[in-house]
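Have a look at input-v1.cif below; it lists mmCIF, C-alpha atoms.
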```
data_run
loop_
_atom_site.label_atom_id
_atom_site.label_comp_id
_atom_site.auth_asym_id
_atom_site.auth_seq_id
_atom_site.Cartn_x
_atom_site.Cartn_y
_atom_site.Cartn_z
CA MET B 141 21.48 16.09 -11.03
CA THR B 142 20.83 12.65 -12.47
CA ASP B 143 19.29 9.99 -10.31
CA THR B 144 19.11 6.26 -10.71
CA PRO B 145 15.60 5.17 -11.65
CA PHE B 146 13.21 3.87 -9.01
CA VAL B 147 12.69 0.27 -10.08
CA ILE B 148 10.70 -2.42 -8.30
CA ALA B 149 10.64 -5.90 -9.83
CA GLY B 150 11.59 -4.49 -13.23
CA ARG B 151 8.95 -1.76 -13.24
CA THR B 152 10.23 1.83 -13.31
CA PHE B 153 8.53 4.69 -11.50
CA GLN B 154 9.32 8.38 -11.95
CA SER B 155 7.70 9.32 -8.65
CA ARG B 156 9.07 7.96 -5.38
CA LEU B 157 5.88 8.77 -3.53
CA ILE B 158 3.29 6.02 -3.05
CA VAL B 159 -0.10 7.11 -1.77
CA GLY B 160 -3.12 5.41 -0.22
CA THR B 161 -6.76 5.71 -1.22
CA GLY B 162 -8.47 5.54 2.18
CA LYS B 163 -10.00 8.13 4.46
CA TYR B 164 -10.35 10.99 1.96
CA PRO B 165 -13.32 13.34 2.38
CA SER B 166 -14.54 12.23 -1.07
CA PHE B 167 -13.41 10.37 -4.18
CA PRO B 168 -13.00 13.61 -6.22
CA VAL B 169 -10.73 15.06 -3.51
CA MET B 170 -8.74 11.82 -3.55
CA ALA B 171 -8.32 12.04 -7.32
CA GLN B 172 -7.15 15.67 -7.06
CA ALA B 173 -4.73 14.74 -4.28
CA HIS B 174 -3.31 11.89 -6.34
CA ALA B 175 -2.76 14.26 -9.26
CA ALA B 176 -1.16 16.90 -7.02
CA SER B 177 1.15 14.32 -5.43
CA GLY B 178 2.47 13.17 -8.79
CA THR B 179 2.21 9.58 -7.56
CA GLU B 180 2.38 6.67 -9.95
CA MET B 181 1.33 3.98 -7.50
CA VAL B 182 -1.58 3.87 -5.06
CA THR B 183 -2.58 1.21 -2.56
CA VAL B 184 -6.08 -0.24 -2.35
CA ALA B 185 -7.72 -2.67 0.05
CA VAL B 186 -9.79 -5.74 -0.80
CA ARG B 187 -13.23 -5.96 0.78
CA ARG B 188 -16.60 -7.62 0.31
CA VAL B 189 -18.86 -5.92 -2.22
CA ASN B 190 -21.83 -4.22 -0.57
CA ILE B 191 -24.66 -6.42 -1.86
CA SER B 192 -27.55 -4.42 -0.45
CA ASP B 193 -26.37 -1.05 -1.71
CA ARG B 194 -25.05 -1.24 -5.24
CA SER B 195 -25.41 2.51 -5.80
CA ARG B 196 -22.09 3.35 -4.26
CA GLU B 197 -19.48 4.66 -6.60
CA SER B 198 -16.49 2.54 -7.42
CA LEU B 199 -13.10 3.63 -6.20
CA LEU B 200 -11.59 2.59 -9.51
CA ASP B 201 -13.62 5.26 -11.35
CA TYR B 202 -11.46 7.82 -9.56
CA ILE B 203 -8.05 6.36 -10.24
CA ASP B 204 -6.32 7.30 -13.48
CA THR B 205 -5.05 3.83 -14.26
CA SER B 206 -3.31 5.04 -17.42
CA ARG B 207 -0.86 6.86 -15.14
CA ILE B 208 -1.25 5.17 -11.77
CA PHE B 209 -0.36 1.58 -10.92
CA ILE B 210 -2.65 -0.10 -8.41
CA LEU B 211 -1.02 -1.92 -5.52
CA PRO B 212 -3.51 -4.09 -3.60
CA ASN B 213 -2.80 -4.60 0.09
CA THR B 214 -3.75 -7.21 2.65
CA ALA B 215 -4.66 -4.62 5.28
CA GLY B 216 -6.59 -6.00 8.21
CA CYS B 217 -5.19 -9.53 7.90
CA TYR B 218 -3.98 -11.12 11.12
CA THR B 219 -3.04 -14.60 9.88
CA VAL B 220 -0.90 -16.09 7.12
CA ASP B 221 -3.96 -17.77 5.60
CA ASP B 222 -6.03 -14.59 5.49
CA ALA B 223 -3.18 -12.61 3.94
CA VAL B 224 -2.47 -15.24 1.28
CA ARG B 225 -6.17 -15.60 0.48
CA THR B 226 -6.61 -11.82 0.22
CA ALA B 227 -3.58 -11.53 -2.06
CA HIS B 228 -5.01 -14.15 -4.39
CA LEU B 229 -8.42 -12.44 -4.41
CA ALA B 230 -6.75 -9.13 -5.22
CA HIS B 231 -4.89 -10.80 -8.04
CA GLU B 232 -8.13 -12.08 -9.55
CA ALA B 233 -9.89 -8.74 -9.08
CA GLY B 234 -7.09 -6.65 -10.52
CA LEU B 235 -5.06 -8.92 -12.75
CA SER B 236 -1.83 -7.77 -11.16
CA ASN B 237 0.46 -10.08 -9.25
CA TRP B 238 1.77 -7.33 -6.97
CA VAL B 239 0.79 -7.18 -3.33
CA LYS B 240 1.63 -4.96 -0.42
CA LEU B 241 1.71 -7.66 2.21
CA GLU B 242 0.49 -6.83 5.69
CA VAL B 243 0.11 -9.39 8.45
CA ILE B 244 -0.75 -7.56 11.61
CA GLY B 245 0.24 -8.90 15.01
CA ASP B 246 -1.28 -6.42 17.42
CA GLU B 247 -4.47 -4.45 17.24
CA ARG B 248 -3.42 -1.42 19.26
CA THR B 249 -0.14 -0.70 17.53
CA LEU B 250 -0.88 -2.45 14.23
CA PHE B 251 2.69 -3.67 14.32
CA PRO B 252 3.44 -6.54 11.94
CA ASP B 253 3.68 -10.15 13.05
CA ASN B 254 7.15 -10.81 11.69
CA GLU B 255 6.97 -14.59 11.87
CA ALA B 256 3.67 -14.70 9.97
CA LEU B 257 4.85 -12.00 7.56
CA LEU B 258 7.90 -14.04 6.65
CA ALA B 259 5.82 -17.19 6.19
CA ALA B 260 3.28 -15.39 3.99
CA THR B 261 6.08 -13.79 1.96
CA ARG B 262 7.58 -17.21 1.21
CA ILE B 263 4.21 -18.62 0.13
CA LEU B 264 3.29 -15.69 -2.10
CA VAL B 265 6.74 -15.45 -3.71
CA ASN B 266 6.41 -19.15 -4.48
CA ASP B 267 2.95 -18.46 -5.96
CA GLY B 268 4.52 -15.94 -8.34
CA PHE B 269 3.62 -12.71 -6.57
CA VAL B 270 5.71 -9.55 -6.43
CA VAL B 271 5.66 -9.14 -2.66
CA LEU B 272 6.21 -5.84 -0.89
CA PRO B 273 6.01 -6.59 2.84
CA TYR B 274 5.10 -3.98 5.43
CA THR B 275 7.56 -4.66 8.24
CA ASN B 276 9.09 -3.46 11.47
CA ASP B 277 12.06 -1.11 11.32
CA ASP B 278 14.33 -4.06 12.03
CA PRO B 279 17.31 -4.61 9.70
CA VAL B 280 17.44 -8.34 10.48
CA VAL B 281 13.78 -8.90 9.64
CA CYS B 282 14.22 -6.85 6.48
CA ARG B 283 17.13 -9.04 5.44
CA LYS B 284 15.11 -12.20 6.07
CA LEU B 285 12.25 -10.84 3.96
CA GLU B 286 14.68 -10.01 1.21
CA ASP B 287 16.16 -13.52 1.39
CA ALA B 288 12.61 -14.90 1.18
CA GLY B 289 12.20 -13.12 -2.17
CA ALA B 290 10.52 -9.83 -1.28
CA ALA B 291 10.76 -7.36 -4.18
CA ALA B 292 11.14 -4.46 -1.74
CA VAL B 293 10.91 -3.95 1.99
CA MET B 294 8.55 -1.45 3.59
CA PRO B 295 9.71 -0.66 7.12
CA LEU B 296 7.41 1.43 9.26
CA GLY B 297 8.54 4.86 10.38
CA ALA B 298 6.04 4.90 13.24
CA PRO B 299 2.70 3.20 13.98
CA ILE B 300 0.16 3.37 11.16
CA GLY B 301 -1.83 6.58 11.17
CA SER B 302 0.18 8.02 14.08
CA GLY B 303 1.89 10.84 12.19
CA LEU B 304 4.82 10.62 14.60
CA GLY B 305 7.50 10.66 11.91
CA ILE B 306 10.46 8.29 11.75
CA GLN B 307 11.03 7.05 15.30
CA ASN B 308 14.20 5.09 14.78
CA VAL B 309 16.27 7.10 12.35
CA ASN B 310 19.38 5.01 12.79
CA ASN B 311 17.58 1.71 12.11
CA MET B 312 16.16 3.18 8.93
CA ARG B 313 19.65 4.20 7.82
CA ILE B 314 21.01 0.73 8.60
CA ILE B 315 18.13 -0.96 6.75
CA ARG B 316 18.99 1.10 3.68
CA GLU B 317 22.66 0.30 4.01
CA PHE B 318 22.04 -3.45 4.23
CA ALA B 319 19.21 -3.88 1.73
CA ARG B 320 19.76 -4.99 -1.85
CA VAL B 321 16.12 -4.34 -2.74
CA PRO B 322 14.30 -0.99 -2.67
CA VAL B 323 13.44 0.34 0.80
CA ILE B 324 10.11 2.14 1.05
CA VAL B 325 9.33 3.87 4.33
CA ASP B 326 5.73 3.01 5.04
CA ALA B 327 3.55 4.47 7.77
CA GLY B 328 4.19 7.12 10.38
CA VAL B 329 4.66 10.16 8.14
CA GLY B 330 2.87 13.16 9.61
CA THR B 331 4.07 16.08 7.57
CA ALA B 332 6.38 17.00 4.72
CA SER B 333 9.61 17.07 6.75
CA ASP B 334 9.03 13.44 7.78
CA ALA B 335 8.95 12.43 4.12
CA SER B 336 12.06 14.49 3.42
CA LEU B 337 13.89 12.84 6.30
CA ALA B 338 12.99 9.37 5.00
CA MET B 339 14.45 10.27 1.62
CA GLU B 340 17.51 11.96 3.13
CA LEU B 341 18.25 8.71 4.96
CA GLY B 342 18.42 7.04 1.57
CA ALA B 343 14.99 5.46 1.30
CA ASP B 344 14.04 4.65 -2.28
CA GLY B 345 10.44 5.69 -1.73
CA VAL B 346 7.83 6.69 0.83
CA LEU B 347 4.29 5.40 1.25
CA MET B 348 1.67 7.41 3.09
CA ASN B 349 -2.07 7.70 3.39
CA THR B 350 -3.32 9.45 6.51
CA ALA B 351 -0.81 12.32 6.32
CA ILE B 352 -2.44 13.41 3.05
CA ALA B 353 -6.01 12.14 3.37
CA GLY B 354 -6.38 13.41 6.92
CA ALA B 355 -4.84 16.84 6.34
CA GLN B 356 -7.18 19.82 6.46
CA ASP B 357 -6.39 20.39 2.79
CA PRO B 358 -5.45 17.01 1.33
CA VAL B 359 -4.67 18.38 -2.13
CA ALA B 360 -2.25 20.99 -0.75
CA MET B 361 -0.61 18.39 1.49
CA ALA B 362 -0.27 16.03 -1.47
CA GLU B 363 1.63 18.73 -3.34
CA ALA B 364 3.78 19.42 -0.27
CA MET B 365 4.64 15.71 -0.09
CA LYS B 366 5.61 15.67 -3.74
CA HIS B 367 8.14 18.46 -3.13
CA ALA B 368 9.29 16.93 0.17
CA VAL B 369 10.12 13.61 -1.45
CA ILE B 370 11.96 15.29 -4.33
CA ALA B 371 13.85 17.59 -1.92
CA GLY B 372 14.81 14.76 0.40
CA ARG B 373 15.99 12.60 -2.48
CA LEU B 374 18.10 15.43 -3.93
CA ALA B 375 19.62 16.15 -0.52
CA HIS B 376 20.51 12.48 -0.15
CA LEU B 377 22.18 12.42 -3.56
CA ALA B 378 23.90 15.75 -2.95
CA GLY B 379 25.61 14.47 0.20
CA ARG B 380 25.09 16.49 3.33
CA ILE B 381 27.86 18.18 5.33
CA PRO B 382 29.15 16.48 8.46
CA ARG B 383 27.62 17.57 11.75
CA LYS B 384 29.92 19.66 13.96
CA MET B 385 29.55 20.80 17.52
CA TYR B 386 30.66 24.42 17.00
CA ALA B 387 30.37 27.17 14.43
CA THR B 388 32.46 27.47 11.30
CA ALA B 389 32.25 30.96 9.81
CA SER B 390 31.01 31.14 6.24
CA SER B 391 32.26 34.67 5.60
CA PRO B 392 35.98 35.50 5.37
CA ILE B 393 37.68 37.02 8.43
CA GLU B 394 40.19 38.99 6.33
CA GLY B 395 39.43 42.58 5.42
CA MET B 396 36.92 43.22 8.14
CA VAL B 397 36.36 46.87 8.97
CA GLY B 398 37.95 47.93 12.25
CA ARG B 399 40.35 45.01 12.59
CA MET P 187 -32.93 -22.22 -1.90
CA ARG P 188 -30.48 -20.41 0.24
CA ILE P 189 -26.80 -19.64 -0.18
CA THR P 190 -24.38 -17.63 1.97
CA LEU P 191 -23.33 -14.54 0.10
CA ASN P 192 -20.60 -12.39 1.66
CA GLY P 193 -21.40 -13.95 5.01
CA GLU P 194 -25.15 -13.27 4.83
CA PRO P 195 -28.03 -15.59 3.90
CA PHE P 196 -29.21 -14.97 0.34
CA ASP P 197 -32.10 -16.63 -1.52
CA ILE P 198 -31.98 -17.81 -5.10
CA ASP P 199 -34.77 -19.55 -7.04
CA GLU P 200 -32.63 -22.21 -8.63
CA PRO P 201 -28.99 -23.07 -9.18
CA LEU P 202 -27.35 -20.41 -11.30
CA SER P 203 -23.96 -19.59 -12.73
CA VAL P 204 -21.68 -17.04 -11.11
CA THR P 205 -22.13 -14.89 -14.22
CA ASP P 206 -25.91 -14.93 -13.71
CA LEU P 207 -25.55 -14.20 -10.02
CA LEU P 208 -23.37 -11.16 -10.76
CA ASN P 209 -25.86 -10.00 -13.39
CA ARG P 210 -28.69 -10.30 -10.91
CA LEU P 211 -26.72 -8.23 -8.41
CA ALA P 212 -25.79 -5.66 -11.09
CA ILE P 213 -22.10 -6.22 -10.44
CA ASP P 214 -19.56 -5.66 -13.20
CA PRO P 215 -17.65 -8.96 -13.38
CA ARG P 216 -14.49 -7.17 -14.53
CA ARG P 217 -14.12 -5.39 -11.20
CA VAL P 218 -14.56 -8.16 -8.69
CA ALA P 219 -13.06 -11.43 -7.57
CA VAL P 220 -15.27 -14.34 -6.60
CA GLU P 221 -14.62 -17.12 -4.17
CA HIS P 222 -16.89 -20.18 -4.41
CA ASN P 223 -16.81 -22.58 -1.46
CA LEU P 224 -13.41 -21.19 -0.46
CA SER P 225 -11.82 -21.62 -3.86
CA ILE P 226 -10.96 -18.50 -5.84
CA LEU P 227 -12.41 -18.51 -9.35
CA LYS P 228 -10.63 -17.43 -12.47
CA ARG P 229 -12.77 -14.96 -14.37
CA HIS P 230 -13.20 -17.29 -17.33
CA ALA P 231 -14.74 -19.85 -14.94
CA PHE P 232 -17.63 -17.57 -13.87
CA GLU P 233 -19.90 -18.88 -16.63
CA ALA P 234 -19.31 -22.55 -15.94
CA THR P 235 -19.39 -22.39 -12.13
CA ILE P 236 -22.83 -23.20 -10.76
CA VAL P 237 -23.96 -21.92 -7.37
CA ARG P 238 -26.22 -24.36 -5.52
CA GLU P 239 -28.09 -24.71 -2.24
CA GLY P 240 -25.84 -24.20 0.78
CA ASP P 241 -22.89 -22.84 -1.20
CA ARG P 242 -20.73 -20.08 0.18
CA VAL P 243 -19.92 -17.23 -2.19
CA GLU P 244 -17.68 -14.26 -1.52
CA ILE P 245 -17.61 -11.32 -3.90
CA VAL P 246 -14.89 -8.77 -3.23
CA ASN P 247 -13.67 -5.58 -4.86
CA PHE P 248 -11.15 -2.84 -4.22
CA VAL P 249 -11.93 -0.14 -1.69
CA GLY P 250 -10.01 2.82 -0.38
CA GLY P 251 -7.11 1.84 1.79
CA GLY P 252 -3.59 2.77 2.54
CA GLU P 253 -1.53 2.49 5.61
CA ARG P 254 -4.69 2.77 7.67
CA ARG P 255 -6.59 -0.26 8.86
CA LEU P 256 -10.21 -0.54 7.80
CA ARG P 257 -11.12 -3.08 10.41
CA GLY P 258 -14.16 -2.33 12.49
CA ARG P 259 -15.30 0.57 10.36
#
```
Represent the supplied structure as structure tokens.
Amino acid sequence: MTDTPFVIAGRTFQSRLIVGTGKYPSFPVMAQAHAASGTEMVTVAVRRVNISDRSRESLLDYIDTSRIFILPNTAGCYTVDDAVRTAHLAHEAGLSNWVKLEVIGDERTLFPDNEALLAATRILVNDGFVVLPYTNDDPVVCRKLEDAGAAAVMPLGAPIGSGLGIQNVNNMRIIREFARVPVIVDAGVGTASDASLAMELGADGVLMNTAIAGAQDPVAMAEAMKHAVIAGRLAHLAGRIPRKMYATASSPIEGMVGR
Amino acid sequence: MRITLNGEPFDIDEPLSVTDLLNRLAIDPRRVAVEHNLSILKRHAFEATIVREGDRVEIVNFVGGGERRLRGR
């Protein structure tokens, strides 16, 4: 079955799975997991260089940049100013004008601050960035972000790192129905079926970190996620059967022995 | 003389360029971004930008991250 390509801001990706780079047991395991996942885009955070200990290995040594596009994020930012500043620093460090924009509004849930997110999106779009905002699963907020120039919207399935799966399935479906930009379900995936469900609902992509990095076998989970995303996408394109309350026999009634 | 480097006091003998500072710290300039007194430097400006007494310098790079917050780690 032929699929439409996964395109964000004019860039085409074969894989619809976006993966993080945090929390892995080691850099080599992360690199293996990335390879097993088939991902073509990974997220990275921007932090101060450790001045006193320069011996630490660089994350970038373990990312195959010939195959994998690096998407810097503004993780940990709680204000518009911090997020904008971090995006600009990431731009200078990586020479890409893409940013996964996070402006967090609450420490316990890590839910986004929508007002600040929208403001930061406007500023960064104006500064020439390709902005992918991490947002609530709210169709109205997603539309506002899109109107502000976001290149994609990244609604959360569940709180970051929770592994709860998609909590508001209907909102996610509505977001996809309304959006004219790619919808990437970001955060909340716990296991492969969660990723499949996101894709079955019509999401254009899925972003996850903890579900892979925190699994007992990250490389195996990465491979599972690759298949889950492909399966969910195919199921979406194939068009599922309607739900019915009662059984409909699959085998013919005629010719049964004893009738 | 003393500067503030990544939020910590740091001593230098004399004013020096950002390029020299990175060299002294054994940091590959191609992998970092530098902020000098709150303004983000273009890489080609590293050579010409001089760090002096009391200046604030931030040197950042990419670290592992995803949908998980790194705050407080």
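Among the candidate residues P:Ser203, P:Ser225, P:Asn209, P:Thr190, the one lying nearest to P:Gly240 is P:Thr190, with distances computed using all atoms listed in the file.
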So that I can see what lies close to P:Asp214, please list as a PDB file with C-alpha atoms, in the frame of the given file the residues with an atom at most 12 Å from it, counting all atoms listed in the file and leaving out residues fewer than 4 positions away in the same chain.
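Writing done, so here's selection.pdb:
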```pdb
ATOM      1  CA  VAL B 189     -18.860  -5.920  -2.220  1.00  0.00           C
ATOM      2  CA  ARG B 194     -25.050  -1.240  -5.240  1.00  0.00           C
ATOM      3  CA  SER B 198     -16.490   2.540  -7.420  1.00  0.00           C
ATOM      4  CA  ALA B 233      -9.890  -8.740  -9.080  1.00  0.00           C
TER       5      ALA B 233
ATOM      6  CA  VAL P 204     -21.680 -17.040 -11.110  1.00  0.00           C
ATOM      7  CA  THR P 205     -22.130 -14.890 -14.220  1.00  0.00           C
ATOM      8  CA  ASP P 206     -25.910 -14.930 -13.710  1.00  0.00           C
ATOM      9  CA  LEU P 207     -25.550 -14.200 -10.020  1.00  0.00           C
ATOM     10  CA  LEU P 208     -23.370 -11.160 -10.760  1.00  0.00           C
ATOM     11  CA  ASN P 209     -25.860 -10.000 -13.390  1.00  0.00           C
ATOM     12  CA  ARG P 210     -28.690 -10.300 -10.910  1.00  0.00           C
ATOM     13  CA  VAL P 218     -14.560  -8.160  -8.690  1.00  0.00           C
ATOM     14  CA  ALA P 219     -13.060 -11.430  -7.570  1.00  0.00           C
ATOM     15  CA  VAL P 220     -15.270 -14.340  -6.600  1.00  0.00           C
ATOM     16  CA  ARG P 229     -12.770 -14.960 -14.370  1.00  0.00           C
ATOM     17  CA  ILE P 245     -17.610 -11.320  -3.900  1.00  0.00           C
ATOM     18  CA  VAL P 246     -14.890  -8.770  -3.230  1.00  0.00           C
ATOM     19  CA  ASN P 247     -13.670  -5.580  -4.860  1.00  0.00           C
TER      20      ASN P 247
END
```
Return as a PyMOL selection string the residues belonging to chain B that are within 8 Å of chain P, counting all atoms listed in the file.
chain B and resi 159-163+182-189+191+194+198-200+212-213+215-216+228-230+232-234+300-301+326-327+347-350
By how many Å are atom CA of B:Val243 and atom CA of B:His174 apart?
26.1 Å
For a cut-off of 9 Å around (-27.1, -22.1, -6.3), file coordinates, pick out all residues using all atoms listed in the file and list them as a ChimeraX atom specification.
/P:187-189,197-204,207,236-241
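The shortest atom-to-atom distance to B:Gly330, with only C-alpha atoms taken into account, belongs to B:Val346 out of B:Gly245, B:Ala176, B:Arg225, B:Val346.
For the residues B:Gly398, B:Gly354, B:Gly379, B:Pro322, ranking by smallest atom-to-atom distance to B:Val271 using only C-alpha atoms places B:Pro322 first.
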Could you spell out the hits of the PyMOL selection byres ((chain B and resi 367) around 10) on the shown file, as an MDAnalysis selection string?
chainID B and resid 157 177:178 332 335:336 361:366 368:373
Can you list every residue of stretch 271-337 of chain B that has an atom at most 9 Å from stretch 247-255 of chain B, with its nearest atom pair and the distance in Å to one decimal, using only C-alpha atoms, ordered by chain then number, as a tab-separated table?
```
residue	atom	partner	partner_atom	distance
B:Tyr274	CA	B:Pro252	CA	7.2
B:Thr275	CA	B:Pro252	CA	5.8
B:Asn276	CA	B:Pro252	CA	6.5
B:Val281	CA	B:Asn254	CA	7.2
B:Leu296	CA	B:Phe251	CA	8.6
B:Pro299	CA	B:Thr249	CA	6.0
B:Ile300	CA	B:Leu250	CA	6.7
```
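Near stretch 284-291 of chain B, within 9 Å and counting all atoms listed in the file, sit Ile148, Ala149, Leu257, Leu258, Ala259, Thr261, Arg262, Val265, Asn266, Val270, Val271, Leu272, Pro273, Thr275, Ala319, Arg320, Val321 and Pro322 of chain B; same-chain residues fewer than 6 positions away were not included.
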The PyMOL selection byres ((chain B and resi 221) around 10) - which residues does that actually catch in the file I just gave you? List them as an MDAnalysis selection string.
chainID B and resid 217:220 222:227 243 256 259:260 263
So that I can see what lies close to B:Arg380, please list as a PyMOL selection string the residues with an atom at most 10 Å from it, counting only C-alpha atoms and leaving out residues fewer than 4 positions away in the same chain.
chain B and resi 340+375-376
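The coordinates place atom CA of B:Ile158 at 16.2 Å from atom CA of B:Gly305.
Between atom CA of B:Ala173 and atom CA of B:Gly342 the separation is 25.1 Å.
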